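Chemist: Structure file run_14.txt, compact mmCIF, N, CA and C atoms, is pasted below:
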# COMPACT_ATOMS: atom_id res chain seq x y z
N MET X 23 91.14 130.76 -114.05
CA MET X 23 92.28 131.54 -113.60
C MET X 23 91.85 133.00 -113.47
N VAL X 24 92.06 133.58 -112.31
CA VAL X 24 91.72 134.98 -112.07
C VAL X 24 92.98 135.82 -112.28
N GLN X 25 92.82 136.94 -112.97
CA GLN X 25 93.94 137.85 -113.22
C GLN X 25 93.60 139.26 -112.78
N ALA X 26 94.61 139.97 -112.29
CA ALA X 26 94.49 141.39 -111.97
C ALA X 26 95.49 142.13 -112.85
N THR X 27 94.99 143.16 -113.58
CA THR X 27 95.86 143.94 -114.46
C THR X 27 95.59 145.42 -114.26
N TRP X 28 96.62 146.20 -114.54
CA TRP X 28 96.49 147.66 -114.52
C TRP X 28 97.54 148.25 -115.45
N GLU X 29 97.12 149.18 -116.28
CA GLU X 29 98.03 149.84 -117.23
C GLU X 29 98.76 148.81 -118.10
N GLY X 30 98.08 147.71 -118.44
CA GLY X 30 98.66 146.70 -119.31
C GLY X 30 99.59 145.71 -118.63
N ALA X 31 99.81 145.86 -117.33
CA ALA X 31 100.70 144.96 -116.60
C ALA X 31 99.90 143.92 -115.81
N LEU X 32 100.38 142.69 -115.83
CA LEU X 32 99.78 141.63 -115.03
C LEU X 32 100.28 141.79 -113.59
N LEU X 33 99.36 142.04 -112.67
CA LEU X 33 99.72 142.23 -111.26
C LEU X 33 99.64 140.94 -110.46
N ALA X 34 98.66 140.09 -110.81
CA ALA X 34 98.46 138.85 -110.08
C ALA X 34 97.69 137.87 -110.95
N GLU X 35 97.92 136.58 -110.69
CA GLU X 35 97.23 135.53 -111.43
C GLU X 35 97.18 134.28 -110.57
N SER X 36 95.96 133.74 -110.41
CA SER X 36 95.83 132.54 -109.57
C SER X 36 94.50 131.84 -109.82
N ASP X 37 94.48 130.54 -109.57
CA ASP X 37 93.24 129.79 -109.55
C ASP X 37 92.90 129.39 -108.11
N ASN X 38 93.53 130.09 -107.16
CA ASN X 38 93.35 129.80 -105.74
C ASN X 38 92.98 131.07 -104.96
N CYS X 39 92.09 131.88 -105.52
CA CYS X 39 91.64 133.10 -104.85
C CYS X 39 90.51 132.78 -103.87
N VAL X 40 90.35 133.64 -102.89
CA VAL X 40 89.23 133.57 -101.95
C VAL X 40 88.38 134.81 -102.20
N VAL X 41 87.07 134.62 -102.39
CA VAL X 41 86.18 135.74 -102.66
C VAL X 41 85.46 136.14 -101.38
N VAL X 42 85.60 137.42 -101.01
CA VAL X 42 84.91 137.98 -99.85
C VAL X 42 84.32 139.32 -100.27
N GLU X 43 83.03 139.48 -100.05
CA GLU X 43 82.31 140.70 -100.41
C GLU X 43 82.57 141.10 -101.87
N GLY X 44 82.64 140.12 -102.75
CA GLY X 44 82.82 140.37 -104.17
C GLY X 44 84.25 140.66 -104.59
N ASN X 45 85.19 140.67 -103.66
CA ASN X 45 86.59 140.93 -103.98
C ASN X 45 87.37 139.63 -104.03
N GLN X 46 88.22 139.51 -105.04
CA GLN X 46 89.10 138.35 -105.17
C GLN X 46 90.37 138.63 -104.36
N TYR X 47 90.66 137.76 -103.41
CA TYR X 47 91.88 137.87 -102.60
C TYR X 47 92.88 136.84 -103.11
N PHE X 48 93.98 137.34 -103.68
CA PHE X 48 95.01 136.50 -104.26
C PHE X 48 96.00 136.03 -103.19
N PRO X 49 96.49 134.78 -103.32
CA PRO X 49 97.55 134.34 -102.41
C PRO X 49 98.81 135.18 -102.66
N PRO X 50 99.59 135.44 -101.62
CA PRO X 50 100.76 136.31 -101.79
C PRO X 50 101.72 135.87 -102.90
N ASP X 51 101.90 134.57 -103.08
CA ASP X 51 102.86 134.11 -104.09
C ASP X 51 102.33 134.25 -105.52
N ALA X 52 101.09 134.67 -105.68
CA ALA X 52 100.51 134.87 -107.02
C ALA X 52 100.62 136.32 -107.47
N VAL X 53 101.13 137.18 -106.61
CA VAL X 53 101.19 138.63 -106.88
C VAL X 53 102.60 139.03 -107.27
N LYS X 54 102.70 139.87 -108.30
CA LYS X 54 103.99 140.39 -108.77
C LYS X 54 104.43 141.54 -107.86
N ASN X 55 105.26 141.24 -106.89
CA ASN X 55 105.65 142.23 -105.89
C ASN X 55 106.39 143.43 -106.47
N ALA X 56 106.95 143.28 -107.65
CA ALA X 56 107.67 144.40 -108.27
C ALA X 56 106.74 145.58 -108.54
N HIS X 57 105.44 145.32 -108.62
CA HIS X 57 104.47 146.39 -108.89
C HIS X 57 103.83 146.95 -107.62
N LEU X 58 104.24 146.47 -106.46
CA LEU X 58 103.65 146.93 -105.21
C LEU X 58 104.65 147.72 -104.38
N LYS X 59 104.19 148.86 -103.86
CA LYS X 59 105.01 149.68 -102.99
C LYS X 59 104.23 149.89 -101.70
N PRO X 60 104.79 149.55 -100.53
CA PRO X 60 104.05 149.70 -99.28
C PRO X 60 103.54 151.13 -99.08
N SER X 61 102.33 151.23 -98.59
CA SER X 61 101.69 152.50 -98.28
C SER X 61 101.52 152.61 -96.77
N GLN X 62 101.41 153.80 -96.26
CA GLN X 62 101.18 154.00 -94.84
C GLN X 62 99.69 153.96 -94.49
N HIS X 63 98.85 153.89 -95.51
CA HIS X 63 97.39 153.93 -95.33
C HIS X 63 96.87 152.64 -94.70
N THR X 64 95.91 152.78 -93.80
CA THR X 64 95.19 151.65 -93.23
C THR X 64 93.71 152.02 -93.15
N SER X 65 92.88 151.00 -93.04
CA SER X 65 91.46 151.22 -92.79
C SER X 65 90.96 150.09 -91.91
N LYS X 66 89.84 150.31 -91.28
CA LYS X 66 89.31 149.33 -90.32
C LYS X 66 87.97 148.81 -90.80
N CYS X 67 87.82 147.50 -90.80
CA CYS X 67 86.55 146.84 -91.10
C CYS X 67 86.06 146.21 -89.80
N PRO X 68 84.78 146.38 -89.47
CA PRO X 68 84.29 145.87 -88.19
C PRO X 68 84.35 144.35 -88.05
N TRP X 69 84.38 143.62 -89.17
CA TRP X 69 84.43 142.17 -89.01
C TRP X 69 85.69 141.52 -89.58
N LYS X 70 86.46 142.28 -90.41
CA LYS X 70 87.71 141.72 -90.95
C LYS X 70 88.95 142.20 -90.21
N GLY X 71 88.90 143.40 -89.65
CA GLY X 71 90.07 143.93 -88.94
C GLY X 71 90.67 145.12 -89.67
N THR X 72 91.97 145.33 -89.47
CA THR X 72 92.67 146.46 -90.06
C THR X 72 93.33 146.06 -91.37
N ALA X 73 92.96 146.76 -92.44
CA ALA X 73 93.56 146.53 -93.75
C ALA X 73 94.78 147.44 -93.92
N HIS X 74 95.81 146.88 -94.51
CA HIS X 74 97.01 147.62 -94.86
C HIS X 74 97.06 147.69 -96.38
N TYR X 75 97.68 148.73 -96.92
CA TYR X 75 97.61 149.00 -98.35
C TYR X 75 98.97 149.04 -99.04
N TYR X 76 98.91 148.84 -100.34
CA TYR X 76 100.05 149.02 -101.24
C TYR X 76 99.63 150.00 -102.32
N ASP X 77 100.58 150.80 -102.79
CA ASP X 77 100.41 151.55 -104.03
C ASP X 77 100.77 150.58 -105.15
N VAL X 78 100.05 150.64 -106.26
CA VAL X 78 100.39 149.85 -107.44
C VAL X 78 101.16 150.76 -108.37
N VAL X 79 102.35 150.31 -108.81
CA VAL X 79 103.22 151.13 -109.66
C VAL X 79 103.54 150.36 -110.94
N VAL X 80 103.23 150.98 -112.07
CA VAL X 80 103.51 150.38 -113.38
C VAL X 80 104.08 151.47 -114.29
N ASN X 81 105.25 151.20 -114.83
CA ASN X 81 105.90 152.14 -115.77
C ASN X 81 105.94 153.57 -115.22
N GLY X 82 106.25 153.71 -113.96
CA GLY X 82 106.38 155.02 -113.34
C GLY X 82 105.07 155.68 -112.94
N LYS X 83 103.95 155.04 -113.24
CA LYS X 83 102.63 155.57 -112.88
C LYS X 83 102.16 154.89 -111.60
N THR X 84 101.64 155.69 -110.66
CA THR X 84 101.23 155.16 -109.36
C THR X 84 99.72 155.24 -109.17
N ASN X 85 99.15 154.14 -108.72
CA ASN X 85 97.75 154.07 -108.34
C ASN X 85 97.76 153.89 -106.82
N ALA X 86 97.58 155.00 -106.10
CA ALA X 86 97.73 155.01 -104.64
C ALA X 86 96.71 154.12 -103.94
N ASN X 87 97.20 153.31 -103.03
CA ASN X 87 96.37 152.46 -102.18
C ASN X 87 95.42 151.56 -102.97
N ALA X 88 95.87 151.05 -104.10
CA ALA X 88 95.01 150.25 -104.98
C ALA X 88 95.02 148.76 -104.64
N ALA X 89 95.83 148.36 -103.68
CA ALA X 89 95.85 146.97 -103.23
C ALA X 89 95.83 146.96 -101.72
N TRP X 90 95.17 145.94 -101.16
CA TRP X 90 95.14 145.86 -99.70
C TRP X 90 95.19 144.42 -99.22
N TYR X 91 95.53 144.27 -97.95
CA TYR X 91 95.61 142.94 -97.33
C TYR X 91 95.39 143.08 -95.83
N TYR X 92 95.11 141.96 -95.21
CA TYR X 92 94.88 141.92 -93.75
C TYR X 92 95.95 141.03 -93.12
N PRO X 93 96.98 141.62 -92.50
CA PRO X 93 98.03 140.79 -91.89
C PRO X 93 97.56 140.07 -90.62
N GLN X 94 96.58 140.64 -89.93
CA GLN X 94 96.06 140.04 -88.71
C GLN X 94 94.54 140.18 -88.68
N PRO X 95 93.85 139.45 -89.56
CA PRO X 95 92.39 139.59 -89.61
C PRO X 95 91.73 138.99 -88.37
N TYR X 96 90.50 139.43 -88.12
CA TYR X 96 89.71 138.83 -87.07
C TYR X 96 89.39 137.39 -87.47
N ALA X 97 88.97 136.58 -86.51
CA ALA X 97 88.69 135.16 -86.73
C ALA X 97 87.70 134.94 -87.88
N ALA X 98 86.72 135.81 -88.03
CA ALA X 98 85.70 135.64 -89.07
C ALA X 98 86.28 135.75 -90.48
N ALA X 99 87.47 136.34 -90.61
CA ALA X 99 88.06 136.54 -91.93
C ALA X 99 89.44 135.89 -92.05
N ILE X 100 89.71 134.90 -91.23
CA ILE X 100 91.04 134.30 -91.20
C ILE X 100 91.47 133.74 -92.55
N GLU X 101 90.52 133.34 -93.40
CA GLU X 101 90.88 132.76 -94.70
C GLU X 101 91.53 133.77 -95.65
N ILE X 102 91.46 135.06 -95.35
CA ILE X 102 92.11 136.06 -96.23
C ILE X 102 93.41 136.61 -95.63
N LYS X 103 93.88 136.02 -94.56
CA LYS X 103 95.13 136.48 -93.94
C LYS X 103 96.25 136.56 -94.99
N ASP X 104 96.84 137.75 -95.11
CA ASP X 104 97.96 138.03 -96.01
C ASP X 104 97.63 137.94 -97.50
N ARG X 105 96.39 137.65 -97.86
CA ARG X 105 95.99 137.63 -99.27
C ARG X 105 95.77 139.07 -99.73
N ILE X 106 95.99 139.31 -101.02
CA ILE X 106 95.97 140.67 -101.55
C ILE X 106 94.80 140.85 -102.53
N ALA X 107 94.06 141.93 -102.34
CA ALA X 107 92.94 142.29 -103.22
C ALA X 107 93.23 143.64 -103.87
N PHE X 108 92.50 143.93 -104.94
CA PHE X 108 92.73 145.15 -105.71
C PHE X 108 91.44 145.91 -105.96
N TRP X 109 91.57 147.21 -106.23
CA TRP X 109 90.44 148.07 -106.60
C TRP X 109 91.01 149.30 -107.29
N LYS X 110 90.24 150.38 -107.36
CA LYS X 110 90.68 151.66 -107.93
C LYS X 110 91.17 151.54 -109.37
N GLY X 111 90.37 150.89 -110.20
CA GLY X 111 90.73 150.80 -111.61
C GLY X 111 91.53 149.58 -112.01
N VAL X 112 91.98 148.80 -111.05
CA VAL X 112 92.65 147.54 -111.37
C VAL X 112 91.58 146.58 -111.87
N LYS X 113 91.80 145.99 -113.03
CA LYS X 113 90.82 145.06 -113.60
C LYS X 113 91.08 143.66 -113.06
N VAL X 114 90.06 143.09 -112.45
CA VAL X 114 90.16 141.73 -111.92
C VAL X 114 89.09 140.90 -112.63
N LYS X 115 89.56 139.88 -113.35
CA LYS X 115 88.59 139.05 -114.08
C LYS X 115 89.08 137.62 -114.18
N SER X 116 88.11 136.73 -114.39
CA SER X 116 88.45 135.30 -114.54
C SER X 116 88.21 134.86 -115.96
The structure given in the file should be rewritten as C-alpha cells.
Modeler:
Amino acid sequence: MVQATWEGALLAESDNCVVVEGNQYFPPDAVKNAHLKPSQHTSKCPWKGTAHYYDVVVNGKTNANAAWYYPQPYAAAIEIKDRIAFWKGVKVKS
C-alpha cells in the first residue's frame, strides 16, 4: 500500500498506483480531495503533455503546487490520465 502524507495528514492511499519517472501516480478515488485546492499553475512535459496542479492544504498550511495530474496526457502517458502525484515535501512511501 502506497501512502502520501504531509504535515501529519494522509493525502492518498492505494495499492493501485502507476509509477512513472519514479513518481507514484494515485488513482483519483484514492486521494483525499479535502486537502487539495486547484491551482492555476501548469507545466509542459515533452512526452506526457500539460500537467495541472493542486495546492495541498492541511490545517490552514498551504504547500503550493505540491500535487499534479495530466487531464489530457499524450498517448505515451495515457496510463496516468487523471492520476495524481505529489512532491515538494509530501512523503510518498510504500
Chemist: Tell me which residues come within 6 Å of (107.4, 150.9, -113.2), as number ranges by chain, counting only N, CA and C atoms in the file's coordinates.
Modeler: X: 79-83
Chemist: What's the separation between CA of Val41 in chain X and atom C of Lys115 in chain X, in Å to one decimal place?
Modeler: 12.0 Å
Chemist: Do you have the CA of Ala56 in chain X-CA of Lys70 in chain X distance handy?
Modeler: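 About the pair CA of Ala56 in chain X and CA of Lys70 in chain X: they are 26.6 Å apart.
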Chemist: Skip Pro93 in chain X itself and residues of its chain fewer than 2 positions away, then list as a ChimeraX atom specification all residues within 9 Å of it, counting only C-alpha atoms.
Modeler: /X:72-74,91,95,102-105
Chemist: Distance atom N of Trp69 in chain X-atom C of Glu43 in chain X, one decimal place?
Modeler: 13.1 Å
Chemist: Using only N, CA and C atoms, which residue out of X:Ala107, X:Gln46, X:Lys54, X:Gln62 lies closest to Ala34 in chain X?
Modeler: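 For Ala34 in chain X, the nearest of the candidates is X:Lys54.
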Chemist: Name the residues of chain X that fall into strand (DSSP E) according to DSSP on the backbone, using the chain letters and numbers of this document, as a count of residues only.
Modeler: 52
Chemist: Determine, counting all atoms listed in the file, every residue of protein, DNA or RNA that lies within 6 Å of (92.1, 132.4, -110.8) in the file coordinates, then give the result as a ChimeraX atom specification.
Modeler: /X:23-25,35-39,116
Chemist: For Trp90 in chain X, which residue out of X:Pro49, X:Val78, X:Pro60, X:Ile106 is the nearest one, using all atoms listed in the file?
Modeler: X:Ile106
Chemist: Compare X:Ala26, X:Ala31, X:Ala89, X:Val53 by their minimum atom-to-atom distance to Tyr75 in chain X, counting only N, CA and C atoms, and give me the closest one.
Modeler: X:Ala89
Chemist: Give me, as a compact mmCIF listing (two decimals) with N, CA and C atoms, in the coordinates of the input, all polymer residues having an atom no more than 6 Å from Lys110 in chain X, counting only N, CA and C atoms and skipping those fewer than 2 positions away in the same chain.
Modeler:
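The resulting file, out_14.txt, is shown below:
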# COMPACT_ATOMS: atom_id res chain seq x y z
N ALA X 88 95.87 151.05 -104.10
CA ALA X 88 95.01 150.25 -104.98
C ALA X 88 95.02 148.76 -104.64
N PHE X 108 92.50 143.93 -104.94
CA PHE X 108 92.73 145.15 -105.71
C PHE X 108 91.44 145.91 -105.96
N VAL X 112 91.98 148.80 -111.05
CA VAL X 112 92.65 147.54 -111.37
C VAL X 112 91.58 146.58 -111.87
